[in-house]
Amino acid sequence: MIHEILPVGPLQCNCSIIGDETTREAMVIDPGDEIADVLGIIAKHNLQVKQIVITHAHIDHVGGAMKLRAATGAPILLNHNDYTLLKMLDLQAAWIGMASPGKVEIDHSIAESDKVQAGTLVATVLHTPGHTEGSICLYFPLEKRLIAGDTLFAGSIGRTDLPGGSFDKIIESLQGKLLALPDETIVVPGHGPGTTIGEERESNPFLKKP
């Protein structure tokens, strides 16, 4: 498994480039910005991007998706519950003082238990509402790796005070889906350093049993 993590944009969103070492097929997750650098990593590994997966429709995760689609021809995937949020990119840009990326078009909706694939690498979609209504995580069971978007961070969880956010829903998503994963699962959050499910189960103040 090729897995490069590139923090992109002013909010340093963790963009993941994941590739099959044999077939050279790849997926890119959350290409929020700095697409030239993303394409550089794709070229370095001689990868062919088959899917562009967006964990949720915040501008820092989806802002560069159309540029990447134009460069690779790969379809953009997002859960349909975030389509309304996607229409607010101009407003989102104004909130954080950055230029709007313009309209982002989604090619396919992805939902709970769907599979996304690059060569022999297969991830299961976990619908994890709470940060946004359409937030998803991608779990690679054979590699025991979770791309968590902004649902789970090292020592913290995603914000729930933005449109579409719900503290009760994010806790339900975390307790019901993410904590069901093996402790050794490597977690790649949407921002900041990596962690494991076991570490978060033991030390994350939002997840520890009272």
# chains A, B, ... in the order shown; residues from 1 in each chain; ligands from 1
$ closest_atom_pairs --of "segment 90-187 of chain A" --to "segment 11-33 of chain A" --cutoff "12 Å" --atoms "only C-alpha atoms" --output "tab-separated table"
residue	atom	partner	partner_atom	distance
A:Ala93	CA	A:Leu11	CA	11.9
A:Ile96	CA	A:Leu11	CA	9.2
A:Gly97	CA	A:Leu11	CA	11.3
A:Met98	CA	A:Leu11	CA	10.6
A:Ala99	CA	A:Asp33	CA	11.2
A:Ser100	CA	A:Asp33	CA	11.4
A:Pro101	CA	A:Asp33	CA	9.4
A:Val104	CA	A:Gly32	CA	11.6
A:Val116	CA	A:Met27	CA	8.5
A:Gln117	CA	A:Met27	CA	7.6
A:Ala118	CA	A:Ala26	CA	4.9
A:Gly119	CA	A:Glu25	CA	5.2
A:Thr120	CA	A:Asp20	CA	6.6
A:Leu121	CA	A:Asp20	CA	6.4
A:Val122	CA	A:Asp20	CA	10.0
A:Ala123	CA	A:Met27	CA	10.5
A:Ser135	CA	A:Asp30	CA	11.8
A:Ile136	CA	A:Ile29	CA	11.1
A:Cys137	CA	A:Ile29	CA	10.2
A:Leu138	CA	A:Ile29	CA	9.3
A:Phe140	CA	A:Ile18	CA	10.9
A:Glu143	CA	A:Ile18	CA	11.8
A:Arg145	CA	A:Ile18	CA	11.2
A:Leu146	CA	A:Ser16	CA	11.1
A:Ile147	CA	A:Ser16	CA	8.2
A:Ala148	CA	A:Asn14	CA	10.1
A:Gly149	CA	A:Asp30	CA	8.1
A:Asp150	CA	A:Cys13	CA	9.3
A:Phe153	CA	A:Asn14	CA	11.4
A:Val187	CA	A:Asn14	CA	11.7
$ residues_around --residues "Gly130 of chain A" --least-positions-apart "4" --cutoff "9 Å" --atoms "only C-alpha atoms" --output "PDB file with C-alpha atoms, in the first residue's frame"
ATOM      1  CA  GLY A 134     -22.865  13.568   5.332  1.00  0.00           C
ATOM      2  CA  SER A 135     -19.523  12.901   7.018  1.00  0.00           C
ATOM      3  CA  THR A 151     -14.929  12.815  12.829  1.00  0.00           C
ATOM      4  CA  GLY A 158     -14.754  17.030  15.120  1.00  0.00           C
ATOM      5  CA  ARG A 159     -16.475  20.336  15.731  1.00  0.00           C
ATOM      6  CA  THR A 160     -20.256  20.158  15.990  1.00  0.00           C
ATOM      7  CA  GLY A 164     -25.172  20.286   9.993  1.00  0.00           C
ATOM      8  CA  GLY A 165     -23.236  19.515  13.176  1.00  0.00           C
ATOM      9  CA  SER A 166     -24.603  17.516  16.106  1.00  0.00           C
ATOM     10  CA  PHE A 167     -22.719  16.515  19.247  1.00  0.00           C
ATOM     11  CA  ASP A 168     -25.130  13.662  19.979  1.00  0.00           C
ATOM     12  CA  LYS A 169     -24.743  12.286  16.448  1.00  0.00           C
ATOM     13  CA  ILE A 170     -20.943  12.449  16.425  1.00  0.00           C
ATOM     14  CA  ILE A 171     -20.755  10.603  19.768  1.00  0.00           C
ATOM     15  CA  GLU A 172     -23.152   7.985  18.397  1.00  0.00           C
ATOM     16  CA  SER A 173     -20.993   7.640  15.268  1.00  0.00           C
TER      17      SER A 173
END
$ residues_around --residues "His108 of chain A" --least-positions-apart "2" --cutoff "8 Å" --atoms "only C-alpha atoms" --output "ChimeraX atom specification"
/A:75-78,106,110
$ write_last_selection --atoms "C-alpha atoms" --output "mmCIF file, in the first residue's frame"
data_model
loop_
_atom_site.group_PDB
_atom_site.id
_atom_site.type_symbol
_atom_site.label_atom_id
_atom_site.label_comp_id
_atom_site.auth_asym_id
_atom_site.auth_seq_id
_atom_site.Cartn_x
_atom_site.Cartn_y
_atom_site.Cartn_z
ATOM 1 C CA PRO A 75 -15.020 10.872 -10.541
ATOM 2 C CA ILE A 76 -15.741 12.784 -7.316
ATOM 3 C CA LEU A 77 -17.585 10.879 -4.572
ATOM 4 C CA LEU A 78 -19.448 12.402 -1.592
ATOM 5 C CA ILE A 106 -20.337 15.327 -7.516
ATOM 6 C CA ILE A 110 -21.466 7.077 -1.452
#
$ atom_distance --atom1 "atom CA of Lys50 of chain A" --atom2 "atom CA of Ala71 of chain A"
11.8 Å
$ closest_residue --among "A:Asn46, A:Asn79, A:Thr72, A:Thr132" --to "Ser113 of chain A" --atoms "only C-alpha atoms"
A:Asn79
$ select_by_dssp --residues "segment 42-144 of chain A" --states "alpha helix (DSSP H)" --output "JSON, numbers by chain"
{"A": [42, 43, 44, 59, 60, 61, 62, 65, 66, 67, 68, 69, 70, 71, 72, 83, 84, 85, 86, 89, 90, 91, 92, 93, 94, 95, 96]}
$ write_last_selection --atoms "N, CA and C atoms" --output "compact mmCIF listing (two decimals), in the first residue's frame"
# COMPACT_ATOMS: atom_id res chain seq x y z
N ILE A 42 1.38 11.88 -7.21
CA ILE A 42 0.80 10.89 -8.12
C ILE A 42 1.81 10.52 -9.22
N ALA A 43 2.48 11.52 -9.76
CA ALA A 43 3.47 11.28 -10.81
C ALA A 43 4.68 10.53 -10.27
N LYS A 44 5.11 10.89 -9.06
CA LYS A 44 6.28 10.24 -8.45
C LYS A 44 6.11 8.73 -8.35
N ILE A 59 -14.98 23.30 2.82
CA ILE A 59 -14.14 23.83 1.75
C ILE A 59 -12.70 23.34 1.84
N ASP A 60 -12.19 23.15 3.06
CA ASP A 60 -10.79 22.75 3.20
C ASP A 60 -10.55 21.29 2.78
N HIS A 61 -11.63 20.54 2.59
CA HIS A 61 -11.51 19.14 2.16
C HIS A 61 -11.88 18.95 0.69
N VAL A 62 -12.70 19.84 0.16
CA VAL A 62 -13.23 19.64 -1.20
C VAL A 62 -12.77 20.71 -2.20
N ALA A 65 -11.04 19.67 -5.52
CA ALA A 65 -11.53 18.45 -6.17
C ALA A 65 -11.75 18.61 -7.67
N MET A 66 -12.30 19.75 -8.07
CA MET A 66 -12.58 19.94 -9.50
C MET A 66 -11.29 20.05 -10.31
N LYS A 67 -10.27 20.70 -9.75
CA LYS A 67 -8.97 20.77 -10.45
C LYS A 67 -8.37 19.37 -10.60
N LEU A 68 -8.50 18.56 -9.56
CA LEU A 68 -7.96 17.21 -9.62
C LEU A 68 -8.75 16.35 -10.62
N ARG A 69 -10.07 16.54 -10.64
CA ARG A 69 -10.87 15.79 -11.61
C ARG A 69 -10.49 16.18 -13.04
N ALA A 70 -10.26 17.48 -13.25
CA ALA A 70 -9.88 17.95 -14.59
C ALA A 70 -8.53 17.36 -15.01
N ALA A 71 -7.64 17.18 -14.05
CA ALA A 71 -6.30 16.67 -14.36
C ALA A 71 -6.25 15.16 -14.54
N THR A 72 -7.16 14.44 -13.86
CA THR A 72 -7.08 12.98 -13.84
C THR A 72 -8.25 12.27 -14.52
N TYR A 83 -24.82 17.44 0.26
CA TYR A 83 -24.99 18.22 -0.97
C TYR A 83 -25.41 19.66 -0.68
N THR A 84 -26.25 19.86 0.34
CA THR A 84 -26.67 21.22 0.70
C THR A 84 -25.47 22.03 1.17
N LEU A 85 -24.64 21.43 1.99
CA LEU A 85 -23.44 22.11 2.49
C LEU A 85 -22.50 22.45 1.34
N LEU A 86 -22.46 21.58 0.33
CA LEU A 86 -21.60 21.80 -0.82
C LEU A 86 -22.01 23.06 -1.59
N LEU A 89 -20.30 26.75 -0.56
CA LEU A 89 -18.85 26.95 -0.59
C LEU A 89 -18.47 28.43 -0.62
N ASP A 90 -19.25 29.26 -1.31
CA ASP A 90 -18.96 30.70 -1.31
C ASP A 90 -19.02 31.27 0.10
N LEU A 91 -20.05 30.86 0.84
CA LEU A 91 -20.22 31.31 2.23
C LEU A 91 -19.10 30.77 3.11
N GLN A 92 -18.77 29.49 2.92
CA GLN A 92 -17.67 28.89 3.69
C GLN A 92 -16.35 29.63 3.44
N ALA A 93 -16.13 29.99 2.18
CA ALA A 93 -14.90 30.72 1.83
C ALA A 93 -14.85 32.06 2.55
N ALA A 94 -15.99 32.73 2.61
CA ALA A 94 -16.06 34.03 3.28
C ALA A 94 -15.78 33.89 4.78
N TRP A 95 -16.27 32.79 5.39
CA TRP A 95 -16.05 32.57 6.83
C TRP A 95 -14.56 32.53 7.16
N ILE A 96 -13.78 31.87 6.32
CA ILE A 96 -12.37 31.68 6.67
C ILE A 96 -11.43 32.56 5.85
$ closest_residue --among "A:Leu207, A:Leu162, A:Val188, A:Met1" --to "Leu174 of chain A" --atoms "only C-alpha atoms"
A:Leu207
$ select_by_dssp --residues "segment 8-204 of chain A" --states "strand (DSSP E)" --output "CSV table (one decimal) with N, CA, C and O atoms, in the first residue's frame"
chain,number,residue,atom,x,y,z
A,8,VAL,N,-2.7,20.2,3.3
A,8,VAL,CA,-2.9,21.2,2.2
A,8,VAL,C,-3.8,22.3,2.7
A,8,VAL,O,-4.6,22.2,3.6
A,13,CYS,N,-5.5,20.6,5.9
A,13,CYS,CA,-6.2,19.4,5.7
A,13,CYS,C,-5.3,18.3,5.3
A,13,CYS,O,-4.5,18.4,4.4
A,14,ASN,N,-5.5,17.1,5.9
A,14,ASN,CA,-4.7,15.9,5.5
A,14,ASN,C,-5.3,15.3,4.3
A,14,ASN,O,-6.3,14.6,4.4
A,15,CYS,N,-4.6,15.5,3.1
A,15,CYS,CA,-5.0,14.9,1.9
A,15,CYS,C,-4.3,13.6,1.8
A,15,CYS,O,-3.1,13.5,1.9
A,16,SER,N,-5.0,12.5,1.6
A,16,SER,CA,-4.4,11.1,1.4
A,16,SER,C,-4.3,10.7,0.0
A,16,SER,O,-5.3,10.7,-0.7
A,17,ILE,N,-3.1,10.3,-0.5
A,17,ILE,CA,-3.0,9.7,-1.8
A,17,ILE,C,-2.7,8.2,-1.5
A,17,ILE,O,-1.6,7.9,-0.9
A,18,ILE,N,-3.6,7.3,-1.9
A,18,ILE,CA,-3.5,5.9,-1.6
A,18,ILE,C,-3.4,5.1,-2.9
A,18,ILE,O,-4.2,5.3,-3.8
A,19,GLY,N,-2.3,4.3,-3.1
A,19,GLY,CA,-2.1,3.6,-4.3
A,19,GLY,C,-1.8,2.1,-4.1
A,19,GLY,O,-1.2,1.7,-3.1
A,25,GLU,N,-3.1,1.7,-9.5
A,25,GLU,CA,-4.3,2.4,-9.4
A,25,GLU,C,-4.4,3.1,-8.0
A,25,GLU,O,-3.8,2.6,-7.0
A,26,ALA,N,-5.0,4.3,-8.0
A,26,ALA,CA,-5.0,5.1,-6.8
A,26,ALA,C,-6.4,5.8,-6.5
A,26,ALA,O,-7.2,5.9,-7.4
A,27,MET,N,-6.5,6.2,-5.3
A,27,MET,CA,-7.6,7.1,-4.9
A,27,MET,C,-7.0,8.3,-4.1
A,27,MET,O,-6.0,8.1,-3.5
A,28,VAL,N,-7.6,9.4,-4.3
A,28,VAL,CA,-7.2,10.6,-3.5
A,28,VAL,C,-8.4,11.0,-2.6
A,28,VAL,O,-9.5,11.1,-3.1
A,29,ILE,N,-8.1,11.2,-1.3
A,29,ILE,CA,-9.1,11.5,-0.4
A,29,ILE,C,-8.9,12.9,0.2
A,29,ILE,O,-7.8,13.3,0.6
A,48,GLN,N,-2.4,6.0,-11.3
A,48,GLN,CA,-3.6,6.4,-12.1
A,48,GLN,C,-4.7,6.6,-11.1
A,48,GLN,O,-5.2,5.6,-10.5
A,49,VAL,N,-5.2,7.8,-11.0
A,49,VAL,CA,-6.3,8.0,-10.0
A,49,VAL,C,-7.6,7.6,-10.5
A,49,VAL,O,-8.1,8.0,-11.6
A,50,LYS,N,-8.3,6.7,-9.8
A,50,LYS,CA,-9.6,6.1,-10.2
A,50,LYS,C,-10.7,6.7,-9.5
A,50,LYS,O,-11.9,6.7,-10.0
A,51,GLN,N,-10.5,7.3,-8.3
A,51,GLN,CA,-11.6,7.9,-7.5
A,51,GLN,C,-11.1,9.0,-6.7
A,51,GLN,O,-9.9,9.0,-6.2
A,52,ILE,N,-11.9,10.1,-6.6
A,52,ILE,CA,-11.6,11.2,-5.7
A,52,ILE,C,-12.7,11.2,-4.6
A,52,ILE,O,-13.9,11.3,-4.9
A,53,VAL,N,-12.3,10.9,-3.4
A,53,VAL,CA,-13.3,10.7,-2.3
A,53,VAL,C,-13.2,11.8,-1.3
A,53,VAL,O,-12.2,12.2,-0.9
A,76,ILE,N,-15.7,12.3,-8.7
A,76,ILE,CA,-15.7,12.8,-7.3
A,76,ILE,C,-16.9,12.1,-6.6
A,76,ILE,O,-18.0,12.1,-7.0
A,77,LEU,N,-16.6,11.6,-5.4
A,77,LEU,CA,-17.6,10.9,-4.6
A,77,LEU,C,-17.8,11.6,-3.2
A,77,LEU,O,-16.8,12.0,-2.6
A,78,LEU,N,-19.1,11.7,-2.9
A,78,LEU,CA,-19.4,12.4,-1.6
A,78,LEU,C,-20.8,11.8,-1.1
A,78,LEU,O,-21.6,11.5,-2.0
A,108,HIS,N,-20.8,10.8,-8.0
A,108,HIS,CA,-21.5,9.7,-7.4
A,108,HIS,C,-21.7,9.9,-5.9
A,108,HIS,O,-20.8,10.4,-5.3
A,109,SER,N,-22.8,9.5,-5.3
A,109,SER,CA,-23.0,9.5,-3.9
A,109,SER,C,-22.5,8.2,-3.3
A,109,SER,O,-22.7,7.2,-3.9
A,115,LYS,N,-18.4,0.3,-1.1
A,115,LYS,CA,-17.0,0.1,-1.2
A,115,LYS,C,-16.3,1.0,-2.2
A,115,LYS,O,-16.9,1.4,-3.2
A,116,VAL,N,-15.1,1.5,-1.9
A,116,VAL,CA,-14.3,2.3,-2.8
A,116,VAL,C,-13.0,1.5,-3.0
A,116,VAL,O,-12.5,0.9,-2.0
A,117,GLN,N,-12.5,1.5,-4.2
A,117,GLN,CA,-11.4,0.6,-4.5
A,117,GLN,C,-10.3,1.2,-5.4
A,117,GLN,O,-10.6,2.0,-6.3
A,118,ALA,N,-9.1,0.9,-5.1
A,118,ALA,CA,-8.0,1.2,-6.0
A,118,ALA,C,-7.1,0.0,-6.2
A,118,ALA,O,-6.4,-0.4,-5.2
A,121,LEU,N,-6.8,-2.6,-3.2
A,121,LEU,CA,-7.1,-1.9,-2.0
A,121,LEU,C,-8.6,-1.6,-1.9
A,121,LEU,O,-9.1,-0.9,-2.8
A,122,VAL,N,-9.3,-2.1,-0.9
A,122,VAL,CA,-10.7,-1.9,-0.8
A,122,VAL,C,-11.0,-1.3,0.5
A,122,VAL,O,-10.6,-1.8,1.6
A,123,ALA,N,-11.8,-0.2,0.5
A,123,ALA,CA,-12.2,0.5,1.8
A,123,ALA,C,-13.7,0.4,1.8
A,123,ALA,O,-14.4,0.6,0.8
A,124,THR,N,-14.2,0.2,3.1
A,124,THR,CA,-15.6,0.3,3.3
A,124,THR,C,-16.0,1.7,3.8
A,124,THR,O,-15.3,2.3,4.6
A,125,VAL,N,-17.1,2.2,3.3
A,125,VAL,CA,-17.6,3.5,3.7
A,125,VAL,C,-18.4,3.4,5.0
A,125,VAL,O,-19.3,2.6,5.1
A,126,LEU,N,-18.0,4.2,6.0
A,126,LEU,CA,-18.7,4.3,7.2
A,126,LEU,C,-19.4,5.7,7.3
A,126,LEU,O,-18.7,6.7,7.3
A,127,HIS,N,-20.7,5.7,7.3
A,127,HIS,CA,-21.4,7.0,7.4
A,127,HIS,C,-21.4,7.4,8.9
A,127,HIS,O,-21.9,6.7,9.7
A,136,ILE,N,-18.3,11.0,6.2
A,136,ILE,CA,-17.9,9.6,6.1
A,136,ILE,C,-16.5,9.3,6.6
A,136,ILE,O,-15.7,10.3,6.6
A,137,CYS,N,-16.2,8.1,7.0
A,137,CYS,CA,-14.9,7.6,7.2
A,137,CYS,C,-14.6,6.4,6.2
A,137,CYS,O,-15.6,5.8,5.8
A,138,LEU,N,-13.4,6.2,5.8
A,138,LEU,CA,-13.1,5.0,5.0
A,138,LEU,C,-12.2,4.1,5.8
A,138,LEU,O,-11.2,4.4,6.3
A,139,TYR,N,-12.7,2.8,5.9
A,139,TYR,CA,-11.9,1.8,6.6
A,139,TYR,C,-11.4,0.7,5.7
A,139,TYR,O,-12.1,0.1,4.9
A,140,PHE,N,-10.1,0.6,5.7
A,140,PHE,CA,-9.4,-0.5,4.9
A,140,PHE,C,-9.2,-1.7,5.9
A,140,PHE,O,-8.2,-1.6,6.6
A,145,ARG,N,-6.6,0.3,8.5
A,145,ARG,CA,-6.3,1.7,8.4
A,145,ARG,C,-7.7,2.5,8.2
A,145,ARG,O,-8.5,2.1,7.4
A,146,LEU,N,-7.8,3.6,9.0
A,146,LEU,CA,-9.0,4.4,8.9
A,146,LEU,C,-8.7,5.8,8.5
A,146,LEU,O,-7.9,6.5,9.1
A,147,ILE,N,-9.3,6.3,7.4
A,147,ILE,CA,-9.3,7.7,7.0
A,147,ILE,C,-10.5,8.3,7.7
A,147,ILE,O,-11.6,8.1,7.2
A,148,ALA,N,-10.3,9.1,8.7
A,148,ALA,CA,-11.3,9.5,9.6
A,148,ALA,C,-12.0,10.9,9.3
A,148,ALA,O,-13.0,11.2,9.9
A,149,GLY,N,-11.5,11.6,8.2
A,149,GLY,CA,-12.1,12.9,8.0
A,149,GLY,C,-12.0,13.7,9.3
A,149,GLY,O,-11.0,13.6,10.0
A,152,LEU,N,-12.9,12.1,13.9
A,152,LEU,CA,-12.0,11.7,15.0
A,152,LEU,C,-10.6,12.3,14.8
A,152,LEU,O,-10.0,12.2,13.7
A,153,PHE,N,-10.1,12.9,15.9
A,153,PHE,CA,-8.7,13.4,15.9
A,153,PHE,C,-7.9,12.8,17.0
A,153,PHE,O,-8.5,12.2,17.9
A,156,SER,N,-9.1,14.3,20.3
A,156,SER,CA,-10.3,15.1,20.2
A,156,SER,C,-11.2,14.6,19.2
A,156,SER,O,-11.0,13.5,18.6
A,157,ILE,N,-12.3,15.3,18.9
A,157,ILE,CA,-13.3,14.9,17.9
A,157,ILE,C,-13.6,16.2,17.1
A,157,ILE,O,-13.2,17.3,17.4
A,186,ILE,N,-4.9,2.0,12.5
A,186,ILE,CA,-4.2,3.3,12.4
A,186,ILE,C,-5.3,4.3,11.9
A,186,ILE,O,-6.0,4.0,11.0
A,187,VAL,N,-5.3,5.4,12.6
A,187,VAL,CA,-6.3,6.5,12.2
A,187,VAL,C,-5.5,7.7,11.6
A,187,VAL,O,-4.6,8.2,12.2
A,188,VAL,N,-6.0,8.1,10.4
A,188,VAL,CA,-5.5,9.3,9.8
A,188,VAL,C,-6.6,10.3,9.9
A,188,VAL,O,-7.6,10.2,9.1
A,189,PRO,N,-6.5,11.3,10.8
A,189,PRO,CA,-7.5,12.3,10.9
A,189,PRO,C,-7.5,13.3,9.8
A,189,PRO,O,-6.5,13.4,9.0
A,195,THR,N,-3.1,8.6,14.8
A,195,THR,CA,-3.3,7.9,16.1
A,195,THR,C,-3.7,6.5,15.9
A,195,THR,O,-3.6,6.0,14.7
A,196,THR,N,-4.2,5.8,16.9
A,196,THR,CA,-4.9,4.5,16.7
A,196,THR,C,-6.2,4.5,17.4
A,196,THR,O,-6.4,5.3,18.4
$ closest_residue --among "A:Ile54, A:Ile41, A:Leu179, A:Leu6" --to "Ile197 of chain A" --atoms "only C-alpha atoms"
A:Leu179
